[in-house]
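Q: Contents are compact mmCIF, C-alpha atoms and all ligand atoms; file name input-v7.txt:
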```txt
# COMPACT_ATOMS: atom_id res chain seq x y z
CA MET A 1 0.00 0.00 0.00
CA PRO A 2 1.71 3.30 -1.07
CA ILE A 3 2.01 5.89 1.66
CA PHE A 4 0.96 8.93 -0.41
CA GLY A 5 0.56 12.04 1.64
CA ILE A 6 2.66 10.79 4.46
CA MET A 7 6.01 11.11 2.74
CA LYS A 8 6.22 14.68 1.46
CA SER A 9 9.96 14.67 1.66
CA ARG A 10 11.72 12.12 -0.55
CA PRO A 11 15.46 12.80 -0.39
CA ARG A 12 15.98 10.34 -3.25
CA ARG A 13 14.54 12.94 -5.69
CA ASN A 14 17.82 14.86 -5.33
CA ARG A 15 19.77 11.75 -6.30
CA LYS A 16 17.77 10.73 -9.37
CA SER A 17 20.24 11.76 -12.07
CA GLN A 18 23.93 12.42 -12.41
CA ALA A 19 23.18 16.04 -13.35
CA ILE A 20 21.15 16.66 -10.19
CA ARG A 21 23.70 14.89 -8.04
CA ALA A 22 26.44 17.05 -9.58
CA MET A 23 24.41 20.22 -9.02
CA ILE A 24 23.98 19.64 -5.27
CA CYS A 25 27.38 18.09 -4.61
CA GLU A 26 28.79 19.70 -1.45
CA THR A 27 32.41 18.64 -1.49
CA HIS A 28 34.99 18.90 -4.25
CA LEU A 29 38.45 17.49 -4.48
CA ASP A 30 40.83 18.75 -7.08
CA VAL A 31 44.42 17.76 -7.84
CA LYS A 32 45.44 21.24 -6.68
CA HIS A 33 44.39 20.34 -3.14
CA LEU A 34 46.92 17.52 -2.98
CA ILE A 35 50.49 17.55 -1.72
CA TYR A 36 52.68 14.66 -2.82
CA PRO A 37 55.32 13.34 -0.36
CA LEU A 38 58.55 12.27 -2.05
CA PHE A 39 61.58 10.52 -0.56
CA VAL A 40 65.13 11.31 -1.63
CA GLN A 41 68.45 9.59 -0.92
CA GLU A 42 72.02 10.35 -1.95
CA GLY A 43 73.02 8.51 -5.13
CA VAL A 44 72.42 8.43 -8.86
CA SER A 45 69.85 6.84 -11.19
CA MET A 46 67.93 5.42 -8.27
CA LYS A 47 64.27 4.50 -8.06
CA LYS A 48 63.70 2.03 -5.24
CA GLU A 49 60.18 0.91 -4.46
CA LEU A 50 59.13 0.96 -0.81
CA ILE A 51 58.34 -2.54 0.44
CA SER A 52 55.63 -1.42 2.86
CA LEU A 53 54.23 1.31 0.58
CA PRO A 54 54.10 -0.17 -2.93
CA GLY A 55 53.82 2.36 -5.76
CA ASN A 56 56.02 4.83 -3.88
CA PHE A 57 59.77 5.13 -4.27
CA ILE A 58 62.99 6.49 -2.87
CA TRP A 59 64.58 8.67 -5.54
CA SER A 60 68.07 10.01 -5.99
CA PRO A 61 68.53 13.75 -6.59
CA ASP A 62 68.65 13.21 -10.38
CA THR A 63 65.68 10.84 -10.79
CA ILE A 64 63.42 12.86 -8.49
CA LEU A 65 63.41 15.59 -11.13
CA THR A 66 61.92 13.20 -13.68
CA GLU A 67 59.23 12.23 -11.18
CA ILE A 68 58.41 15.86 -10.50
CA ASP A 69 58.28 16.38 -14.26
CA ALA A 70 55.67 13.63 -14.55
CA CYS A 71 53.67 14.96 -11.60
CA MET A 72 53.66 18.55 -12.83
CA ALA A 73 52.34 17.28 -16.18
CA LEU A 74 49.46 15.71 -14.23
CA GLY A 75 48.70 18.99 -12.48
CA ILE A 76 50.34 18.24 -9.12
CA GLN A 77 52.03 21.45 -8.00
CA SER A 78 52.94 20.79 -4.38
CA PHE A 79 55.50 18.40 -2.97
CA VAL A 80 56.84 17.61 0.48
CA LEU A 81 60.35 16.25 0.52
CA PHE A 82 61.79 13.75 3.04
CA PRO A 83 65.43 12.64 3.24
CA LYS A 84 66.77 9.14 3.83
CA VAL A 85 70.08 9.84 5.50
CA ALA A 86 72.99 7.37 5.51
CA ALA A 87 73.88 6.01 8.97
CA HIS A 88 77.36 7.61 8.84
CA ASN A 89 75.76 11.06 8.52
CA LYS A 90 73.59 10.65 11.62
CA ASP A 91 74.57 11.95 15.06
CA LYS A 92 72.96 12.98 18.34
CA THR A 93 72.49 16.61 17.26
CA ALA A 94 71.33 15.95 13.68
CA SER A 95 74.17 18.21 12.50
CA TYR A 96 73.94 17.01 8.90
CA ALA A 97 70.53 18.70 8.62
CA ALA A 98 72.11 22.17 8.68
CA ASP A 99 75.07 21.31 6.42
CA PRO A 100 74.37 23.70 3.52
CA ASP A 101 75.80 21.21 1.06
CA ASN A 102 73.77 18.17 2.12
CA PHE A 103 71.95 16.25 -0.62
CA TYR A 104 68.48 17.16 0.72
CA LEU A 105 69.10 20.90 0.43
CA ASN A 106 70.85 20.46 -2.93
CA THR A 107 67.85 18.50 -4.22
CA ALA A 108 65.53 21.31 -3.10
CA ARG A 109 67.73 23.84 -4.93
CA SER A 110 67.63 21.87 -8.17
CA ILE A 111 63.84 21.32 -7.95
CA LYS A 112 63.16 25.04 -7.41
CA LYS A 113 65.60 25.93 -10.18
CA LYS A 114 63.81 23.74 -12.69
CA TYR A 115 60.28 24.41 -11.38
CA PRO A 116 60.20 27.81 -9.67
CA GLU A 117 56.40 27.70 -9.83
CA CYS A 118 55.99 24.53 -7.76
CA VAL A 119 55.31 24.61 -4.02
CA LEU A 120 58.11 22.86 -2.19
CA ILE A 121 57.59 21.90 1.45
CA SER A 122 60.30 20.71 3.82
CA ASP A 123 60.30 18.50 6.88
CA VAL A 124 61.75 20.21 9.94
CA ALA A 125 62.57 17.45 12.42
CA MET A 126 65.67 15.74 13.70
CA ASP A 127 64.62 12.12 13.31
CA PRO A 128 65.95 11.30 9.80
CA TYR A 129 69.35 12.75 10.86
CA SER A 130 69.35 11.60 14.49
CA SER A 131 71.43 8.60 15.59
CA ASP A 132 68.82 8.17 18.37
CA GLY A 133 65.89 8.17 15.94
CA HIS A 134 64.12 10.98 17.79
CA ASP A 135 62.69 14.34 16.78
CA GLY A 136 64.47 15.97 19.69
CA ILE A 137 67.84 15.87 21.37
CA VAL A 138 68.11 13.04 23.91
CA GLU A 139 69.81 13.89 27.21
CA ASN A 140 69.77 11.64 30.27
CA GLY A 141 67.11 9.50 28.68
CA LYS A 142 64.79 12.47 28.00
CA ILE A 143 63.99 14.72 25.07
CA ASP A 144 65.26 18.24 25.81
CA ASN A 145 62.66 20.57 24.33
CA ASP A 146 64.51 23.90 24.42
CA LYS A 147 67.88 22.62 23.19
CA THR A 148 66.01 21.02 20.30
CA LEU A 149 64.52 24.39 19.36
CA SER A 150 67.89 25.89 18.50
CA ILE A 151 68.74 22.86 16.32
CA LEU A 152 65.41 23.28 14.52
CA GLN A 153 66.15 26.99 14.03
CA ASP A 154 69.47 26.19 12.31
CA MET A 155 67.76 23.54 10.17
CA SER A 156 65.04 25.96 9.16
CA ILE A 157 67.46 28.69 8.08
CA ALA A 158 69.36 26.15 5.94
CA GLN A 159 66.06 25.06 4.35
CA ALA A 160 64.89 28.62 3.74
CA LYS A 161 68.24 29.39 2.06
CA ALA A 162 67.82 26.32 -0.16
CA GLY A 163 64.56 27.78 -1.50
CA PHE A 164 61.76 25.81 0.20
CA ASP A 165 58.50 27.78 -0.01
CA ILE A 166 56.99 26.28 3.14
CA LEU A 167 58.74 24.68 6.11
CA GLY A 168 56.96 21.81 7.86
CA PRO A 169 57.94 21.40 11.51
CA SER A 170 56.86 17.83 12.35
CA ASP A 171 58.70 17.51 15.65
CA MET A 172 56.00 18.48 18.22
CA MET A 173 58.39 20.42 20.49
CA ASP A 174 56.68 23.18 22.47
CA GLY A 175 57.23 26.68 21.15
CA ARG A 176 58.77 25.67 17.85
CA ILE A 177 56.49 27.67 15.60
CA GLY A 178 57.31 30.89 17.44
CA ALA A 179 61.01 30.01 17.55
CA LEU A 180 61.15 29.29 13.81
CA ARG A 181 59.06 32.35 12.92
CA ASP A 182 61.42 34.58 14.92
CA THR A 183 64.57 33.18 13.44
CA LEU A 184 63.21 33.25 9.87
CA ASP A 185 62.05 36.85 10.23
CA GLN A 186 65.35 37.96 11.74
CA SER A 187 67.19 36.42 8.79
CA GLY A 188 65.09 38.10 6.12
CA PHE A 189 62.89 35.07 5.37
CA GLU A 190 59.59 36.64 6.37
CA ASP A 191 58.01 35.24 3.17
CA VAL A 192 58.82 31.63 4.01
CA SER A 193 55.66 29.95 5.36
CA LEU A 194 55.18 27.50 8.21
CA MET A 195 52.94 24.48 7.91
CA ALA A 196 52.70 23.43 11.55
CA TYR A 197 52.18 19.76 12.32
CA THR A 198 49.73 21.01 14.93
CA ALA A 199 48.02 17.86 16.14
CA LYS A 200 50.44 15.06 15.44
CA TYR A 201 49.55 11.91 17.31
CA ALA A 202 51.83 9.16 18.62
CA SER A 203 50.40 6.82 16.02
CA SER A 204 51.16 3.30 14.84
CA PHE A 205 50.37 4.37 11.31
CA TYR A 206 53.80 5.85 10.58
CA GLY A 207 55.32 2.37 10.17
CA PRO A 208 55.98 2.33 6.40
CA PHE A 209 57.48 5.84 6.56
CA ARG A 210 59.90 4.81 9.30
CA ASP A 211 60.79 1.64 7.35
CA ALA A 212 61.54 3.80 4.31
CA LEU A 213 63.76 6.28 6.12
CA ASP A 214 65.14 3.95 8.75
CA SER A 215 64.13 6.62 11.28
CA ALA A 216 62.42 4.72 14.10
CA PRO A 217 63.61 5.38 17.69
CA VAL A 218 66.73 3.33 18.40
CA GLN A 219 66.05 0.49 20.82
CA ASP A 220 68.44 1.19 23.69
CA PRO A 221 67.72 1.37 27.44
CA ASN A 222 69.00 4.99 27.56
CA ILE A 223 66.81 6.19 24.71
CA PRO A 224 63.01 6.70 24.99
CA LYS A 225 61.51 3.77 23.09
CA ASP A 226 58.67 5.76 21.55
CA LYS A 227 57.60 9.34 20.84
CA LYS A 228 54.84 9.56 23.44
CA THR A 229 56.41 12.41 25.45
CA TYR A 230 56.04 14.76 22.50
CA GLN A 231 53.53 13.37 19.99
CA MET A 232 49.92 13.45 21.21
CA ASP A 233 47.90 10.73 22.90
CA PRO A 234 45.43 9.20 20.40
CA ALA A 235 42.80 9.38 23.15
CA ASN A 236 42.77 13.18 23.26
CA GLN A 237 40.67 15.72 21.39
CA ARG A 238 40.80 18.91 23.49
CA GLU A 239 44.60 18.97 23.48
CA ALA A 240 44.40 19.52 19.72
CA ILE A 241 42.62 22.82 20.39
CA ILE A 242 45.41 23.90 22.75
CA GLU A 243 47.99 23.11 20.07
CA ALA A 244 46.02 24.87 17.34
CA THR A 245 45.61 28.00 19.49
CA LEU A 246 49.33 28.11 20.24
CA ASP A 247 50.43 27.49 16.65
CA THR A 248 48.08 30.20 15.40
CA ALA A 249 49.34 32.71 17.97
CA GLU A 250 52.97 31.80 17.20
CA GLY A 251 52.55 32.57 13.50
CA ALA A 252 51.67 29.34 11.67
CA ASP A 253 50.26 29.64 8.13
CA PHE A 254 48.68 26.16 8.03
CA LEU A 255 47.53 23.80 10.79
CA MET A 256 48.04 20.12 10.14
CA ILE A 257 46.27 17.10 11.59
CA LYS A 258 48.12 13.82 11.40
CA PRO A 259 47.20 11.02 10.81
CA ALA A 260 44.10 11.94 8.81
CA VAL A 261 41.58 9.15 8.28
CA HIS A 262 41.59 7.95 11.87
CA TYR A 263 41.49 11.54 13.13
CA MET A 264 38.66 13.07 11.07
CA ASP A 265 36.97 14.21 14.27
CA ILE A 266 40.06 16.29 15.02
CA ILE A 267 40.01 17.81 11.53
CA HIS A 268 36.35 18.70 12.04
CA LEU A 269 37.00 20.11 15.51
CA ILE A 270 39.93 22.29 14.47
CA ARG A 271 37.92 23.52 11.48
CA GLN A 272 35.47 24.93 14.02
CA HIS A 273 38.08 26.57 16.21
CA ALA A 274 40.56 27.97 13.72
CA ASP A 275 40.43 30.02 10.56
CA LEU A 276 43.80 29.08 9.10
CA PRO A 277 43.89 26.56 6.24
CA ILE A 278 43.90 22.98 7.49
CA ALA A 279 46.16 20.28 6.13
CA ALA A 280 45.44 16.58 6.68
CA TYR A 281 48.32 14.13 6.47
CA HIS A 282 47.02 10.84 5.06
CA VAL A 283 49.97 8.94 6.47
CA SER A 284 51.92 5.99 5.16
CA GLY A 285 50.15 3.31 7.24
CA GLU A 286 46.73 4.60 6.27
CA CYS A 287 47.68 4.43 2.59
CA ALA A 288 49.35 1.02 3.00
CA MET A 289 46.13 -0.49 4.42
CA LEU A 290 44.21 0.47 1.32
CA ILE A 291 46.91 -0.77 -1.04
CA ALA A 292 47.06 -4.11 0.78
CA ALA A 293 43.29 -4.61 0.69
CA ALA A 294 43.22 -3.73 -3.00
CA GLN A 295 46.06 -6.14 -3.74
CA LYS A 296 44.05 -8.89 -2.11
CA GLY A 297 41.08 -7.95 -4.24
CA TRP A 298 39.07 -6.99 -1.17
CA LEU A 299 38.62 -3.31 -2.11
CA ASP A 300 38.48 -1.53 -5.43
CA PHE A 301 41.41 0.89 -5.27
CA ASN A 302 40.15 3.26 -7.98
CA THR A 303 36.94 4.02 -6.09
CA ALA A 304 37.96 3.46 -2.45
CA MET A 305 40.99 5.76 -2.76
CA PRO A 306 39.12 8.83 -4.11
CA GLU A 307 36.34 8.25 -1.56
CA THR A 308 38.93 8.35 1.23
CA LEU A 309 40.45 11.60 -0.01
CA LEU A 310 37.02 13.18 -0.52
CA SER A 311 36.06 12.25 3.04
CA LEU A 312 39.02 14.23 4.33
CA ARG A 313 37.85 17.29 2.40
CA ARG A 314 34.32 16.78 3.76
CA ALA A 315 35.72 16.63 7.30
CA GLY A 316 37.24 20.08 6.76
CA ALA A 317 40.71 19.67 5.27
CA ASN A 318 41.75 22.28 2.72
CA VAL A 319 44.82 20.41 1.57
CA ILE A 320 45.76 16.75 1.82
CA LEU A 321 49.20 15.24 1.98
CA THR A 322 48.83 11.79 0.47
CA TYR A 323 50.94 9.10 -1.16
CA PHE A 324 48.01 8.72 -3.56
CA ALA A 325 48.37 12.18 -5.11
CA LYS A 326 49.80 10.78 -8.32
CA SER A 327 47.30 7.92 -8.59
CA TYR A 328 44.48 10.39 -8.05
CA ALA A 329 45.83 12.77 -10.69
CA GLN A 330 46.16 9.85 -13.12
CA LEU A 331 42.51 8.89 -12.59
CA VAL A 332 41.43 12.48 -13.21
CA LYS A 333 43.50 12.58 -16.39
CA LYS A 334 41.88 9.35 -17.60
CA GLY A 335 38.47 10.90 -16.98
CA GLU A 336 37.56 8.28 -14.38
CA ILE A 337 36.77 10.89 -11.70
C1 LIG B 401 59.17 12.88 11.05
C2 LIG B 401 57.92 12.49 10.34
C3 LIG B 401 57.22 11.28 10.45
C4 LIG B 401 56.23 11.31 9.46
C5 LIG B 401 56.31 12.55 8.83
N1 LIG B 401 57.36 13.28 9.40
C6 LIG B 401 57.47 10.07 11.26
C7 LIG B 401 57.39 10.13 12.72
O1 LIG B 401 56.97 11.12 13.34
O2 LIG B 401 57.81 9.14 13.32
C8 LIG B 401 55.29 10.19 9.15
C9 LIG B 401 54.58 10.27 7.85
C10 LIG B 401 53.94 9.01 7.37
O3 LIG B 401 53.84 7.99 8.09
O4 LIG B 401 53.52 9.02 6.22
N2 LIG B 401 59.10 13.68 12.12
```
Please render this file's structure as structure tokens.

A:
Amino acid sequence: MPIFGIMKSRPRRNRKSQAIRAMICETHLDVKHLIYPLFVQEGVSMKKELISLPGNFIWSPDTILTEIDACMALGIQSFVLFPKVAAHNKDKTASYAADPDNFYLNTARSIKKKYPECVLISDVAMDPYSSDGHDGIVENGKIDNDKTLSILQDMSIAQAKAGFDILGPSDMMDGRIGALRDTLDQSGFEDVSLMAYTAKYASSFYGPFRDALDSAPVQDPNIPKDKKTYQMDPANQREAIIEATLDTAEGADFLMIKPAVHYMDIIHLIRQHADLPIAAYHVSGECAMLIAAAQKGWLDFNTAMPETLLSLRRAGANVILTYFAKSYAQLVKKGEI
């Protein structure tokens, strides 16, 4: 028996054709919203696939230019660069990070020379260069916040000199946004932006990244075994507001939430409390899960992947750092999205 008269509202009417669905679509994701993380290592002619993040590679300074070439042709304009540092260049103070002639900074110089129009984002943190595998300096079994700040300041000046457009402090030390902003401004780099890793959680989902860079905390009784004294507790929401308020006051240009998919509530919350652009970092482990399920034939990658990225935009992210940036751009190019 039809229920005429009872159901005045039939939401399905707004879904009845592709044209209507397109007209009322609330969330859009474009390739220009994506930031592509790329890994670089000293060497030549290298392109080494990551075991725990298939489809992503470690490049050498020469081959990374060909990858950026390919990405720019697909409309990707923004890249975040991470270094894999050889063990002999690691020490307790991450001194190699500020060596003006290190391969990471030289790679940035050659990328900006060839593509001045691209947006190049750095990683400001000690861990890839630290023999302890930490984002801060370890003293007496603890991470010394304020000593770390001056190391990060030196690193940031070296990165600004190399031509990075945006610096990305991912270390979670207190006061680092203000410290970097001060030092950059005093050195004439007031146009260099800061993308603060505002709410970065002590997450298990960084595994493939740490495999790739060999940057996990060193297992030694005198070294903290994890990053829980500086990265945030996955149980906490309100602390993210404290961090966002501080980063905003200290001069951040972007606020980042990391990881992304498992922390969409935090993205949504910060969207309500802050007016700065929000970045979501769809981290290595979150991407690896999807790749693994697709490889098993349990999920359709070409639809599950764009749905994931769209969900992050719906939650409130303006820009998304994702290892799927290139795959997404390829689908757009093929007309599949
Ligand atoms: C380094 C850094 C990490 C990631 C980005 N910057 C690792 C960590 O904090 O241990 C992880 C990114 C990813 O998993 O994709 N400070």

Q: Check every protein, DNA and RNA residue against ligand LIG 401 (chain B), keep those with an atom at most 9 Å away (counting only C-alpha atoms and all ligand atoms), and present them as a PyMOL selection string.

A: chain A and resi 37+82+123-128+133-135+168-172+197+200-210+213+215-217+226-227+231+258-259+281-287+321-323

Q: Env of stretch 264-273 of chain A: 10 Å cut, atoms = only C-alpha atoms, seq-sep filter 3 positions within chain, self excluded. Answer as an NGL selection string.

A: :A and (198-199 or 236-241 or 243-245 or 255-261 or 276-280 or 311-318)

Q: May I ask for the distance between atom CA of A:Asp220 and atom CA of A:Phe39, given in Å to one decimal place?

A: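 Answer for the atom CA of A:Asp220 to atom CA of A:Phe39 separation: 26.9 Å.
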
Q: Quick check, in Å to one decimal: how far apart do atom CA of A:Cys71 and atom CA of A:Val192 lie?

A: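 We find that atom CA of A:Cys71 and atom CA of A:Val192 lie 23.4 Å from each other.
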
Q: Would you mind reading off the distance between atom CA of A:Glu26 and atom CA of A:Tyr263, one decimal, in Å?

A: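 For atom CA of A:Glu26 relative to atom CA of A:Tyr263, the distance reads 21.0 Å.
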
Q: Skip A:Phe164 itself and residues of its chain fewer than 5 positions away, then list as a PyMOL selection string all residues within 7 Å of it, counting all atoms listed in the file.

A: chain A and resi 108+120-122+159
